[in-house]
Protein chains: 2
Amino acid sequence: MAQRHLVISADCHAAAPWPDYEPYFEKRHRSPFRDWYGARVERRPVRPGERLFDEKFLDQMDEAQEVERGGRRGAWDPEKRIAELDADGVAAEVIFPAAESFHVPFHGYRPTTGRLDPQPRELRAAGARAYNRWLADLCSHNPQRCAGVVMVDYADVDAAVEEIRRASREGLRGGVLLPAEWDDLPSYNHPRYQPVWSACEELGLPVNTHPLGSGREAYGDLPGATPIFLSEVKWFAHRPFTFLLWAGVFERHPRLRFVLTEQMADWIPETLTYFDDLYERPIFAQIRQGLPLKPSEYWRRQCYVGASFLQAREFEMRHAIGLDKIMWGSDYPHAEGTWPHTREKLRETFGGCPEAEVGQVVGGNAARVYDFDLEALAPLAARIGPEVSALA
Amino acid sequence: MAQRHLVISADCHAAAPWPDYEPYFEKRHRSPFRDWYGARVERRPVRPGERLFDEKFLDQMDEAQEVERGGRRGAWDPEKRIAELDADGVAAEVIFPAAESFHVPFHGYRPTTGRLDPQPRELRAAGARAYNRWLADLCSHNPQRCAGVVMVDYADVDAAVEEIRRASREGLRGGVLLPAEWDDLPSYNHPRYQPVWSACEELGLPVNTHPLGSGREAYGDLPGATPIFLSEVKWFAHRPFTFLLWAGVFERHPRLRFVLTEQMADWIPETLTYFDDLYERPIFAQIRQGLPLKPSEYWRRQCYVGASFLQAREFEMRHAIGLDKIMWGSDYPHAEGTWPHTREKLRETFGGCPEAEVGQVVGGNAARVYDFDLEALAPLAARIGPEVSALA
């Protein structure tokens, strides 16, 4: 029997058409939710009992070569989702919010600015809870294969911690999302976030950052906006790492694990070298007293990169980054990821590389970080996984 | 006779105590200027004829080991300045605004936020003109040795262009400063800046970026603020490069020269690799039509790095950056630079490196970019320059 890799995608996404979220809201928020999504879709409130669909969103989900089998609708349909994972050779996945557009209730971005739509914080928190409940339901169809990431609003830190506890009890074990931008909240070096770090450390939940519309407010519709965005987005996405590191969060929470997802890996060696270099400067004597380890040592102890559809040149840097730090991801169902051509894309990145090292990056590391049961997944991987020989 | 390097610092600074600027203002702005600086220094307007000194600024200029000879007062005193350059072995210099604090009339930063003090744009432009006139006077004492950088306010682009023309006619030949942050103006990919690029191209004036308080608004007084600032400032400082590149400014202005000063050089090889990689992506077919060269090719054609007090590990990257691109700088009179220990610091960075390569970086490149007359400077360098053998 052919040897196959056990592949875990550390970067997938899920989101539902708006009406599907309604039953997951607490009763008192259903009417504001209908008003909100009705206004987004058709500039009118939705009547109780009505289900108003966002055709643009549904069209996106039917786009391009996947129309026939509608695979992108696995963003919310558990059967289609699993069929796509199987066909793509992916045994398990970490699920981040949103699909195509940022599709979480009360969390829309204003497309022209990339800034958060300024919704009342109470509603943002309610929208996140509804999303978490919906996601837990989606994951419950395949609990061994799906680790959902909890979405919270950080305006009320105590409420956020409560929701992290509730949602993780309810089955979301992908950790919590820390938005790359803090928007109008204090930056992440503020002590107010301490209870979040403590809870995640205690519960063994990774804190994940993932880029969203970061930085877009600066480019508008001006020339070069798309390449400027792509040039800068990975930097915006790793600002939280910089802030937590120097604020001593990793020092005070030595068991906290921090994951930087879909923001490439090529910046890591140079950044760690530079941060270590800063650390050694004479003016930082006081900072060294509070941080007994060098930045690269905190990185090695506690941080991981969800490098998603990484390129061969990034995999070449694996020893400078840490072979045990890098997690591949397909970004399903996003168009820029490897789905539905994961096998070929894996060959492009990993072709000819040592089998054991590839195995760690395409699955082993994510299993450890997100606590997937490799034994339980082994029979599945033996059936659907990409053949080791095909990547050799 | 010992061989000596001809050293040009591509990164020095100048600024005057507030009252010294007054005569350089147009008459109608002198009273608003006195009101403004009086409010900053003593929370009261300055009376006509009065000279109110900012003791904090003067104290900064007398700090540390240079007190005895008051060398830091060369920020505004031409005799002290030249004495310090001589003693430090520096034959010529490019002069950027500000010394210690950001000391240009109507251009103060709010220390807690790092954002510009929101002064009326007319006064900001008037303050920049006064500064330019004052700087031209400072440079006129040693025109062969000093290339002053023009400061303008970009709110009124036509007026900015007029001032660039006037100030360069008046002897400021260091090009123009483009602040790393555009504050509340449109970002630099906006077509409104076109006349600036055209004028600088036509006049052969480099466009220089230099970091200031970038990003500070995000950290406040929170834990880790200083190392976070130092971790991020070089990224903020090179955003203008990213914006001009992808907006096609280098393509449309092939003779425009762009200089990135005091923002390190270690990020350049990886950034160019990544930008070239973006450029080749299938989705960028249309962008490639507008930009026939790769990002690294525009870099090679038009850009330079004022790497200031670069480190040995950065000089090791010189071939990936471009040996003809790198310009050393002392950052005089700033405390973080090499002054007054330039000879030793040069040895730390360049010790044992090929003489010709060192010569290019410590002087030759800057001479070309800023049009210094090497022949005229040669006798001076032969007298004061650091000995070649001392760096070998």
# chains A, B, ... in the order shown; residues from 1 in each chain; ligands from 1
>>> interface_residues(of="chain A", to="chain B", cutoff="7 Å", atoms="only C-alpha atoms", output="PyMOL selection string")
chain A and resi 187+189-190+218-219+222-224+227-228+231+242-243+246-247+275
>>> write_last_selection(atoms="N, CA and C atoms", output="mmCIF file, in the first residue's frame")
data_model
loop_
_atom_site.group_PDB
_atom_site.id
_atom_site.type_symbol
_atom_site.label_atom_id
_atom_site.label_comp_id
_atom_site.auth_asym_id
_atom_site.auth_seq_id
_atom_site.Cartn_x
_atom_site.Cartn_y
_atom_site.Cartn_z
ATOM 1 N N SER A 187 -3.676 49.085 22.174
ATOM 2 C CA SER A 187 -2.808 48.114 21.506
ATOM 3 C C SER A 187 -2.505 46.941 22.446
ATOM 4 N N ASN A 189 -0.031 45.626 23.775
ATOM 5 C CA ASN A 189 0.912 45.676 24.894
ATOM 6 C C ASN A 189 0.251 46.224 26.155
ATOM 7 N N HIS A 190 -1.038 46.511 26.091
ATOM 8 C CA HIS A 190 -1.761 47.040 27.261
ATOM 9 C C HIS A 190 -2.066 45.900 28.247
ATOM 10 N N ALA A 218 -5.193 53.163 4.127
ATOM 11 C CA ALA A 218 -4.199 54.097 3.606
ATOM 12 C C ALA A 218 -4.176 54.153 2.085
ATOM 13 N N TYR A 219 -4.719 53.137 1.421
ATOM 14 C CA TYR A 219 -4.487 53.097 -0.031
ATOM 15 C C TYR A 219 -5.700 53.547 -0.822
ATOM 16 N N LEU A 222 -6.490 54.113 -4.842
ATOM 17 C CA LEU A 222 -5.420 54.796 -5.557
ATOM 18 C C LEU A 222 -4.554 53.803 -6.327
ATOM 19 N N PRO A 223 -3.741 54.318 -7.241
ATOM 20 C CA PRO A 223 -2.874 53.432 -8.032
ATOM 21 C C PRO A 223 -2.027 52.525 -7.149
ATOM 22 N N GLY A 224 -1.927 51.263 -7.562
ATOM 23 C CA GLY A 224 -1.062 50.320 -6.856
ATOM 24 C C GLY A 224 -1.671 49.737 -5.598
ATOM 25 N N PRO A 227 -1.145 45.670 -5.048
ATOM 26 C CA PRO A 227 0.209 45.241 -4.664
ATOM 27 C C PRO A 227 0.713 45.902 -3.386
ATOM 28 N N ILE A 228 0.300 47.121 -3.117
ATOM 29 C CA ILE A 228 0.714 47.741 -1.851
ATOM 30 C C ILE A 228 0.138 46.929 -0.690
ATOM 31 N N SER A 231 2.027 43.816 -0.331
ATOM 32 C CA SER A 231 3.391 44.066 0.155
ATOM 33 C C SER A 231 3.425 44.277 1.659
ATOM 34 N N THR A 242 5.126 41.353 17.785
ATOM 35 C CA THR A 242 6.069 42.365 18.275
ATOM 36 C C THR A 242 5.595 42.954 19.604
ATOM 37 N N PHE A 243 4.315 43.238 19.671
ATOM 38 C CA PHE A 243 3.759 43.885 20.868
ATOM 39 C C PHE A 243 3.768 42.930 22.072
ATOM 40 N N TRP A 246 7.619 42.270 23.328
ATOM 41 C CA TRP A 246 8.319 43.317 24.076
ATOM 42 C C TRP A 246 7.555 43.731 25.327
ATOM 43 N N ALA A 247 6.250 43.492 25.345
ATOM 44 C CA ALA A 247 5.482 43.811 26.550
ATOM 45 C C ALA A 247 5.651 42.707 27.600
ATOM 46 N N PHE A 275 15.516 41.615 16.010
ATOM 47 C CA PHE A 275 15.019 41.776 17.380
ATOM 48 C C PHE A 275 16.087 41.332 18.400
#
>>> calpha_fit_and_write(fixed="chain A", moving="chain B", output="compact mmCIF listing (two decimals) with C-alpha atoms, in the first residue's frame")
# COMPACT_ATOMS: atom_id res chain seq x y z
CA MET B 1 0.06 -0.02 0.05
CA ALA B 2 1.34 3.45 -0.87
CA GLN B 3 2.65 5.61 1.98
CA ARG B 4 0.60 8.75 2.37
CA HIS B 5 1.13 12.00 4.25
CA LEU B 6 -1.23 12.93 7.03
CA VAL B 7 -2.08 16.47 5.99
CA ILE B 8 -3.59 19.04 8.33
CA SER B 9 -4.43 22.46 6.99
CA ALA B 10 -3.65 25.04 9.67
CA ASP B 11 -5.51 27.67 7.71
CA CYS B 12 -9.06 27.10 6.48
CA HIS B 13 -12.12 29.29 6.69
CA ALA B 14 -15.83 29.00 7.29
CA ALA B 15 -18.76 31.39 7.18
CA ALA B 16 -22.47 31.10 6.56
CA PRO B 17 -25.00 33.02 4.50
CA TRP B 18 -26.48 35.64 6.79
CA PRO B 19 -29.86 34.03 7.59
CA ASP B 20 -28.17 30.87 8.83
CA TYR B 21 -26.74 32.76 11.80
CA GLU B 22 -30.05 34.00 13.14
CA PRO B 23 -31.01 30.97 15.27
CA TYR B 24 -27.59 31.10 16.92
CA PHE B 25 -28.23 34.58 18.31
CA GLU B 26 -29.69 35.13 21.74
CA LYS B 27 -33.31 36.16 21.28
CA ARG B 28 -32.80 39.83 22.17
CA HIS B 29 -30.25 40.26 19.37
CA ARG B 30 -32.16 38.62 16.53
CA SER B 31 -34.07 41.69 15.53
CA PRO B 32 -30.99 43.99 15.52
CA PHE B 33 -29.21 41.29 13.50
CA ARG B 34 -31.97 41.20 10.90
CA ASP B 35 -31.85 44.99 10.69
CA TRP B 36 -28.09 44.92 10.26
CA TYR B 37 -27.76 42.27 7.60
CA GLY B 38 -30.85 43.49 5.75
CA ALA B 39 -29.24 46.91 5.52
CA ARG B 40 -26.07 45.36 4.12
CA VAL B 41 -27.82 43.23 1.55
CA GLU B 42 -30.79 45.32 0.41
CA ARG B 43 -30.73 48.50 2.48
CA ARG B 44 -33.84 47.40 4.37
CA PRO B 45 -34.56 45.48 7.57
CA VAL B 46 -35.36 41.77 7.25
CA ARG B 47 -38.81 40.75 8.40
CA PRO B 48 -39.10 38.16 11.16
CA GLY B 49 -39.12 34.71 9.58
CA GLU B 50 -37.71 36.01 6.30
CA ARG B 51 -34.39 34.67 4.99
CA LEU B 52 -32.65 37.23 2.84
CA PHE B 53 -29.65 35.97 0.93
CA ASP B 54 -26.63 37.98 -0.10
CA GLU B 55 -26.43 37.04 -3.76
CA LYS B 56 -22.95 38.50 -4.11
CA PHE B 57 -21.70 36.20 -1.41
CA LEU B 58 -23.43 33.18 -2.91
CA ASP B 59 -22.07 34.05 -6.33
CA GLN B 60 -18.56 34.22 -4.93
CA MET B 61 -19.11 30.75 -3.56
CA ASP B 62 -20.05 29.44 -6.97
CA GLU B 63 -17.25 31.08 -8.86
CA ALA B 64 -14.68 29.67 -11.19
CA GLN B 65 -13.82 26.06 -11.79
CA GLU B 66 -15.54 24.77 -8.67
CA VAL B 67 -19.03 25.73 -9.79
CA GLU B 68 -20.05 22.31 -10.90
CA ARG B 69 -19.57 20.60 -7.66
CA GLY B 70 -20.17 23.80 -5.64
CA GLY B 71 -17.20 22.98 -3.46
CA ARG B 72 -16.81 26.45 -2.10
CA ARG B 73 -20.20 26.14 -0.44
CA GLY B 74 -18.40 23.91 2.01
CA ALA B 75 -17.80 27.24 3.73
CA TRP B 76 -21.02 26.37 5.56
CA ASP B 77 -22.21 22.99 4.29
CA PRO B 78 -20.56 20.21 6.31
CA GLU B 79 -21.09 17.52 3.69
CA LYS B 80 -19.66 19.54 0.85
CA ARG B 81 -16.84 20.60 3.14
CA ILE B 82 -15.76 17.08 4.01
CA ALA B 83 -16.05 16.00 0.38
CA GLU B 84 -13.68 18.82 -0.60
CA LEU B 85 -11.19 18.02 2.16
CA ASP B 86 -11.23 14.37 1.10
CA ALA B 87 -10.78 15.16 -2.56
CA ASP B 88 -7.97 17.55 -1.73
CA GLY B 89 -6.18 15.05 0.50
CA VAL B 90 -6.61 17.02 3.72
CA ALA B 91 -7.28 14.92 6.82
CA ALA B 92 -7.97 17.75 9.27
CA GLU B 93 -8.18 21.50 9.46
CA VAL B 94 -8.08 24.59 11.63
CA ILE B 95 -11.03 26.84 10.81
CA PHE B 96 -10.75 30.62 10.92
CA PRO B 97 -13.70 32.98 10.49
CA ALA B 98 -14.88 34.32 7.18
CA ALA B 99 -14.99 33.09 3.64
CA GLU B 100 -14.22 35.38 0.69
CA SER B 101 -15.57 38.47 2.39
CA PHE B 102 -15.38 38.93 6.10
CA HIS B 103 -18.67 37.26 6.88
CA VAL B 104 -19.22 37.34 10.63
CA PRO B 105 -22.28 39.16 11.99
CA PHE B 106 -21.60 42.76 13.00
CA HIS B 107 -17.95 42.39 12.01
CA GLY B 108 -17.97 43.65 8.45
CA TYR B 109 -15.12 45.74 7.14
CA ARG B 110 -15.85 48.86 5.21
CA PRO B 111 -14.41 47.89 1.83
CA THR B 112 -13.15 51.37 0.98
CA THR B 113 -11.20 51.83 4.17
CA GLY B 114 -10.43 48.43 5.57
CA ARG B 115 -11.51 49.73 8.97
CA LEU B 116 -14.10 47.98 11.05
CA ASP B 117 -17.65 49.05 10.55
CA PRO B 118 -18.21 50.82 13.87
CA GLN B 119 -21.02 48.71 15.30
CA PRO B 120 -22.02 48.93 18.96
CA ARG B 121 -19.64 46.75 20.93
CA GLU B 122 -22.49 44.81 22.51
CA LEU B 123 -23.69 43.74 19.07
CA ARG B 124 -20.19 42.87 17.91
CA ALA B 125 -19.81 40.58 20.92
CA ALA B 126 -23.25 39.07 20.26
CA GLY B 127 -22.33 38.51 16.60
CA ALA B 128 -19.13 36.74 17.62
CA ARG B 129 -21.06 34.48 20.01
CA ALA B 130 -23.58 33.59 17.31
CA TYR B 131 -20.73 32.80 14.93
CA ASN B 132 -19.01 30.62 17.53
CA ARG B 133 -22.18 28.63 18.17
CA TRP B 134 -22.74 28.18 14.46
CA LEU B 135 -19.09 27.13 13.97
CA ALA B 136 -19.27 24.66 16.84
CA ASP B 137 -22.24 23.08 15.08
CA LEU B 138 -20.32 22.88 11.81
CA CYS B 139 -17.35 21.29 13.58
CA SER B 140 -19.56 18.83 15.46
CA HIS B 141 -20.19 16.98 12.20
CA ASN B 142 -16.53 15.99 12.11
CA PRO B 143 -15.05 16.72 15.50
CA GLN B 144 -11.83 14.77 14.86
CA ARG B 145 -11.13 16.70 11.69
CA CYS B 146 -12.16 20.26 12.53
CA ALA B 147 -10.63 22.65 15.06
CA GLY B 148 -12.63 25.87 15.03
CA VAL B 149 -11.09 29.18 16.10
CA VAL B 150 -13.10 31.26 18.59
CA MET B 151 -14.02 34.80 17.62
CA VAL B 152 -14.52 37.40 20.37
CA ASP B 153 -14.80 41.13 20.77
CA TYR B 154 -12.07 42.52 23.00
CA ALA B 155 -13.89 45.69 24.10
CA ASP B 156 -15.02 43.87 27.24
CA VAL B 157 -12.12 41.64 28.22
CA ASP B 158 -13.98 39.79 30.97
CA ALA B 159 -16.84 38.97 28.62
CA ALA B 160 -14.29 37.88 26.00
CA VAL B 161 -12.70 35.48 28.47
CA GLU B 162 -16.09 34.11 29.42
CA GLU B 163 -16.89 33.48 25.76
CA ILE B 164 -13.51 31.84 25.16
CA ARG B 165 -14.24 29.45 28.03
CA ARG B 166 -17.79 28.78 26.86
CA ALA B 167 -16.91 28.26 23.20
CA SER B 168 -13.96 26.01 23.94
CA ARG B 169 -16.15 23.91 26.26
CA GLU B 170 -18.64 23.72 23.40
CA GLY B 171 -15.99 22.14 21.20
CA LEU B 172 -14.03 24.92 19.48
CA ARG B 173 -10.47 23.86 20.11
CA GLY B 174 -8.56 25.94 17.57
CA GLY B 175 -7.83 28.64 20.10
CA VAL B 176 -8.85 32.25 19.82
CA LEU B 177 -8.50 34.83 17.07
CA LEU B 178 -6.54 37.97 17.87
CA PRO B 179 -7.25 40.44 15.05
CA ALA B 180 -4.09 41.80 13.47
CA GLU B 181 -5.37 45.30 14.17
CA TRP B 182 -6.75 46.47 17.48
CA ASP B 183 -8.82 49.13 15.73
CA ASP B 184 -9.98 51.66 18.34
CA LEU B 185 -9.07 49.48 21.32
CA PRO B 186 -5.76 49.85 23.18
CA SER B 187 -2.82 48.12 21.52
CA TYR B 188 -1.92 44.61 22.60
CA ASN B 189 0.89 45.68 24.90
CA HIS B 190 -1.77 47.03 27.25
CA PRO B 191 -2.16 45.14 30.56
CA ARG B 192 -5.93 45.02 30.04
CA TYR B 193 -5.52 41.92 27.85
CA GLN B 194 -3.80 39.97 30.64
CA PRO B 195 -6.94 37.87 31.48
CA VAL B 196 -7.09 36.70 27.86
CA TRP B 197 -3.47 35.51 27.90
CA SER B 198 -4.03 33.82 31.27
CA ALA B 199 -7.17 32.03 30.16
CA CYS B 200 -5.61 30.78 26.93
CA GLU B 201 -2.53 29.62 28.80
CA GLU B 202 -4.65 27.83 31.38
CA LEU B 203 -6.90 26.17 28.79
CA GLY B 204 -4.04 25.31 26.44
CA LEU B 205 -5.67 27.30 23.64
CA PRO B 206 -3.41 28.93 21.04
CA VAL B 207 -3.79 32.65 20.37
CA ASN B 208 -3.94 33.03 16.59
CA THR B 209 -3.44 36.13 14.47
CA HIS B 210 -4.66 36.20 10.91
CA PRO B 211 -4.61 39.20 8.54
CA LEU B 212 -7.83 40.81 7.43
CA GLY B 213 -8.15 44.19 5.78
CA SER B 214 -5.07 45.60 7.50
CA GLY B 215 -3.68 48.84 6.23
CA ARG B 216 -6.21 49.27 3.46
CA GLU B 217 -7.40 52.58 4.88
CA ALA B 218 -4.19 54.10 3.60
CA TYR B 219 -4.52 53.12 -0.04
CA GLY B 220 -8.11 53.71 -0.94
CA ASP B 221 -8.71 53.21 -4.62
CA LEU B 222 -5.41 54.83 -5.54
CA PRO B 223 -2.87 53.48 -8.02
CA GLY B 224 -1.06 50.38 -6.84
CA ALA B 225 -3.54 49.64 -4.05
CA THR B 226 -3.57 45.86 -4.52
CA PRO B 227 0.19 45.27 -4.67
CA ILE B 228 0.70 47.76 -1.85
CA PHE B 229 -1.78 45.78 0.23
CA LEU B 230 -0.02 42.51 -0.54
CA SER B 231 3.36 44.10 0.15
CA GLU B 232 2.34 45.24 3.60
CA VAL B 233 -0.29 42.85 4.90
CA LYS B 234 2.16 40.34 6.35
CA TRP B 235 3.78 43.11 8.36
CA PHE B 236 0.48 44.31 9.79
CA ALA B 237 -0.37 40.73 10.62
CA HIS B 238 2.70 40.19 12.77
CA ARG B 239 2.52 43.43 14.73
CA PRO B 240 0.75 41.55 17.57
CA PHE B 241 3.82 39.30 17.87
CA THR B 242 6.05 42.37 18.27
CA PHE B 243 3.74 43.88 20.87
CA LEU B 244 3.29 40.75 22.97
CA LEU B 245 6.99 39.96 22.84
CA TRP B 246 8.29 43.31 24.07
CA ALA B 247 5.47 43.82 26.56
CA GLY B 248 6.63 40.62 28.26
CA VAL B 249 3.52 38.55 27.60
CA PHE B 250 5.53 35.48 26.56
CA GLU B 251 7.76 35.92 29.60
CA ARG B 252 4.82 36.09 32.01
CA HIS B 253 2.86 33.33 30.25
CA PRO B 254 5.46 30.71 29.41
CA ARG B 255 2.90 28.12 28.35
CA LEU B 256 0.96 30.47 26.10
CA ARG B 257 1.23 29.47 22.45
CA PHE B 258 1.05 32.12 19.75
CA VAL B 259 0.32 31.33 16.09
CA LEU B 260 0.87 33.70 13.15
CA THR B 261 -1.31 32.49 10.30
CA GLU B 262 -1.36 33.28 6.57
CA GLN B 263 1.27 35.97 6.71
CA MET B 264 4.13 34.12 5.06
CA ALA B 265 7.28 32.92 6.78
CA ASP B 266 10.02 34.67 4.82
CA TRP B 267 10.17 37.65 7.18
CA ILE B 268 10.87 35.54 10.26
CA PRO B 269 14.62 34.85 10.14
CA GLU B 270 15.54 38.48 9.46
CA THR B 271 13.04 39.79 12.02
CA LEU B 272 14.32 37.51 14.77
CA THR B 273 17.91 38.47 13.95
CA TYR B 274 17.00 42.13 14.16
CA PHE B 275 14.99 41.77 17.37
CA ASP B 276 17.85 39.84 19.01
CA ASP B 277 20.18 42.58 17.86
CA LEU B 278 17.95 45.26 19.45
CA TYR B 279 17.77 43.19 22.61
CA GLU B 280 21.54 43.23 23.04
CA ARG B 281 21.83 47.01 22.71
CA PRO B 282 23.24 48.82 25.73
CA ILE B 283 20.16 51.01 26.12
CA PHE B 284 18.04 47.89 26.66
CA ALA B 285 19.67 46.88 29.95
CA GLN B 286 16.43 47.44 31.83
CA ILE B 287 14.38 45.60 29.26
CA ARG B 288 16.70 42.61 29.53
CA GLN B 289 15.99 42.48 33.24
CA GLY B 290 12.30 41.98 32.54
CA LEU B 291 12.91 39.66 29.59
CA PRO B 292 15.57 37.10 30.48
CA LEU B 293 15.27 35.36 27.12
CA LYS B 294 16.17 36.77 23.73
CA PRO B 295 13.32 37.37 21.26
CA SER B 296 14.37 34.34 19.21
CA GLU B 297 14.23 32.24 22.37
CA TYR B 298 10.66 33.27 23.11
CA TRP B 299 9.87 32.51 19.49
CA ARG B 300 11.36 29.04 19.82
CA ARG B 301 9.55 28.42 23.07
CA GLN B 302 6.07 29.65 22.23
CA CYS B 303 5.42 30.75 18.68
CA TYR B 304 4.37 29.08 15.46
CA VAL B 305 3.75 30.21 11.94
CA GLY B 306 0.69 29.12 10.01
CA ALA B 307 2.61 29.58 6.79
CA SER B 308 -0.35 28.43 4.68
CA PHE B 309 0.50 27.95 1.02
CA LEU B 310 4.18 28.54 1.59
CA GLN B 311 6.63 28.64 -1.26
CA ALA B 312 9.75 26.60 -1.84
CA ARG B 313 11.92 29.59 -0.98
CA GLU B 314 10.23 29.82 2.42
CA PHE B 315 10.60 26.12 3.10
CA GLU B 316 14.30 26.57 2.38
CA MET B 317 14.43 28.85 5.42
CA ARG B 318 12.93 26.16 7.65
CA HIS B 319 15.94 25.72 9.89
CA ALA B 320 16.25 29.45 10.56
CA ILE B 321 12.52 29.60 11.31
CA GLY B 322 12.41 26.29 13.16
CA LEU B 323 11.26 23.12 11.44
CA ASP B 324 8.89 22.47 14.34
CA LYS B 325 7.32 25.93 13.93
CA ILE B 326 5.96 25.81 10.40
CA MET B 327 2.44 24.70 9.57
CA TRP B 328 1.16 24.38 6.05
CA GLY B 329 -2.41 25.45 5.17
CA SER B 330 -4.66 25.25 2.12
CA ASP B 331 -6.71 28.38 2.90
CA TYR B 332 -9.83 26.50 1.76
CA PRO B 333 -12.25 27.80 0.47
CA HIS B 334 -10.32 30.92 -0.55
CA ALA B 335 -9.28 31.39 -4.13
CA GLU B 336 -5.68 32.34 -3.36
CA GLY B 337 -4.96 29.10 -1.52
CA THR B 338 -4.03 25.64 -2.81
CA TRP B 339 -7.51 24.13 -2.88
CA PRO B 340 -8.62 22.29 -5.01
CA HIS B 341 -5.13 21.63 -6.32
CA THR B 342 -3.38 20.87 -3.08
CA ARG B 343 -1.50 17.81 -4.35
CA GLU B 344 0.16 19.74 -7.17
CA LYS B 345 0.89 22.73 -4.99
CA LEU B 346 2.46 20.54 -2.33
CA ARG B 347 4.72 19.11 -5.00
CA GLU B 348 5.77 22.63 -6.09
CA THR B 349 6.75 23.58 -2.55
CA PHE B 350 8.06 20.33 -1.10
CA GLY B 351 9.14 18.32 -4.14
CA GLY B 352 12.39 16.50 -3.42
CA CYS B 353 12.56 17.54 0.24
CA PRO B 354 13.15 15.03 3.05
CA GLU B 355 9.95 13.10 3.78
CA ALA B 356 10.11 13.47 7.55
CA GLU B 357 10.57 17.24 7.33
CA VAL B 358 7.68 17.56 4.90
CA GLY B 359 5.53 15.41 7.17
CA GLN B 360 6.15 17.73 10.09
CA VAL B 361 5.20 20.83 8.16
CA VAL B 362 2.13 19.45 6.37
CA GLY B 363 0.67 17.84 9.46
CA GLY B 364 2.80 16.89 12.45
CA ASN B 365 3.31 20.40 13.78
CA ALA B 366 -0.35 21.35 13.51
CA ALA B 367 -1.34 18.14 15.26
CA ARG B 368 0.81 19.13 18.22
CA VAL B 369 -0.29 22.77 18.34
CA TYR B 370 -4.01 22.11 17.89
CA ASP B 371 -4.14 18.76 19.64
CA PHE B 372 -5.37 16.59 16.79
CA ASP B 373 -5.49 12.87 17.48
CA LEU B 374 -3.02 11.45 14.98
CA GLU B 375 -3.93 7.89 15.75
CA ALA B 376 -7.59 8.51 15.10
CA LEU B 377 -6.77 10.34 11.85
CA ALA B 378 -4.28 7.77 10.57
CA PRO B 379 -6.75 5.45 8.78
CA LEU B 380 -8.33 8.43 7.03
CA ALA B 381 -4.94 9.81 5.96
CA ALA B 382 -3.96 6.36 4.69
CA ARG B 383 -6.96 6.56 2.39
CA ILE B 384 -7.04 10.18 1.19
CA GLY B 385 -3.58 11.69 1.91
CA PRO B 386 -1.18 12.66 -0.89
CA GLU B 387 1.25 9.89 -1.66
CA VAL B 388 4.67 10.37 -0.16
CA SER B 389 6.27 9.19 -3.38
CA ALA B 390 4.44 11.89 -5.33
CA LEU B 391 6.23 14.58 -3.34
CA ALA B 392 9.63 12.90 -3.31
>>> select_by_dssp(residues="region 147-267 of chain A", states="helix (DSSP H, G or I)", output="compact mmCIF listing (two decimals) with C-alpha atoms, in the first residue's frame")
# COMPACT_ATOMS: atom_id res chain seq x y z
CA VAL A 157 -12.12 41.65 28.21
CA ASP A 158 -13.98 39.78 30.96
CA ALA A 159 -16.84 38.97 28.60
CA ALA A 160 -14.30 37.88 25.98
CA VAL A 161 -12.69 35.49 28.46
CA GLU A 162 -16.09 34.11 29.41
CA GLU A 163 -16.88 33.50 25.75
CA ILE A 164 -13.50 31.85 25.15
CA ARG A 165 -14.25 29.46 28.02
CA ARG A 166 -17.79 28.78 26.85
CA ALA A 167 -16.91 28.27 23.19
CA SER A 168 -13.97 26.02 23.93
CA ARG A 169 -16.14 23.90 26.24
CA PRO A 191 -2.15 45.14 30.55
CA ARG A 192 -5.93 45.02 30.02
CA TYR A 193 -5.51 41.91 27.83
CA GLN A 194 -3.79 39.96 30.63
CA PRO A 195 -6.92 37.88 31.47
CA VAL A 196 -7.08 36.70 27.86
CA TRP A 197 -3.47 35.51 27.90
CA SER A 198 -4.03 33.83 31.26
CA ALA A 199 -7.17 32.02 30.15
CA CYS A 200 -5.61 30.78 26.93
CA GLU A 201 -2.53 29.62 28.79
CA GLU A 202 -4.64 27.83 31.37
CA LEU A 203 -6.90 26.17 28.79
CA ARG A 216 -6.21 49.27 3.46
CA GLU A 217 -7.40 52.56 4.92
CA ALA A 218 -4.20 54.10 3.61
CA ALA A 225 -3.53 49.59 -4.04
CA THR A 226 -3.55 45.81 -4.51
CA PRO A 227 0.21 45.24 -4.66
CA ILE A 228 0.71 47.74 -1.85
CA PHE A 229 -1.75 45.77 0.25
CA LEU A 230 0.00 42.50 -0.54
CA SER A 231 3.39 44.07 0.16
CA GLU A 232 2.36 45.22 3.60
CA VAL A 233 -0.27 42.83 4.91
CA LYS A 234 2.18 40.32 6.37
CA TRP A 235 3.80 43.09 8.38
CA PHE A 236 0.50 44.31 9.80
CA ALA A 237 -0.35 40.72 10.64
CA HIS A 238 2.71 40.18 12.78
CA ARG A 239 2.53 43.43 14.74
CA PRO A 240 0.77 41.56 17.58
CA PHE A 241 3.85 39.30 17.88
CA THR A 242 6.07 42.37 18.28
CA PHE A 243 3.76 43.89 20.87
CA LEU A 244 3.31 40.75 22.97
CA LEU A 245 7.01 39.96 22.84
CA TRP A 246 8.32 43.32 24.08
CA VAL A 249 3.54 38.54 27.60
CA PHE A 250 5.55 35.48 26.56
CA GLU A 251 7.77 35.93 29.61
CA ARG A 252 4.85 36.10 32.02
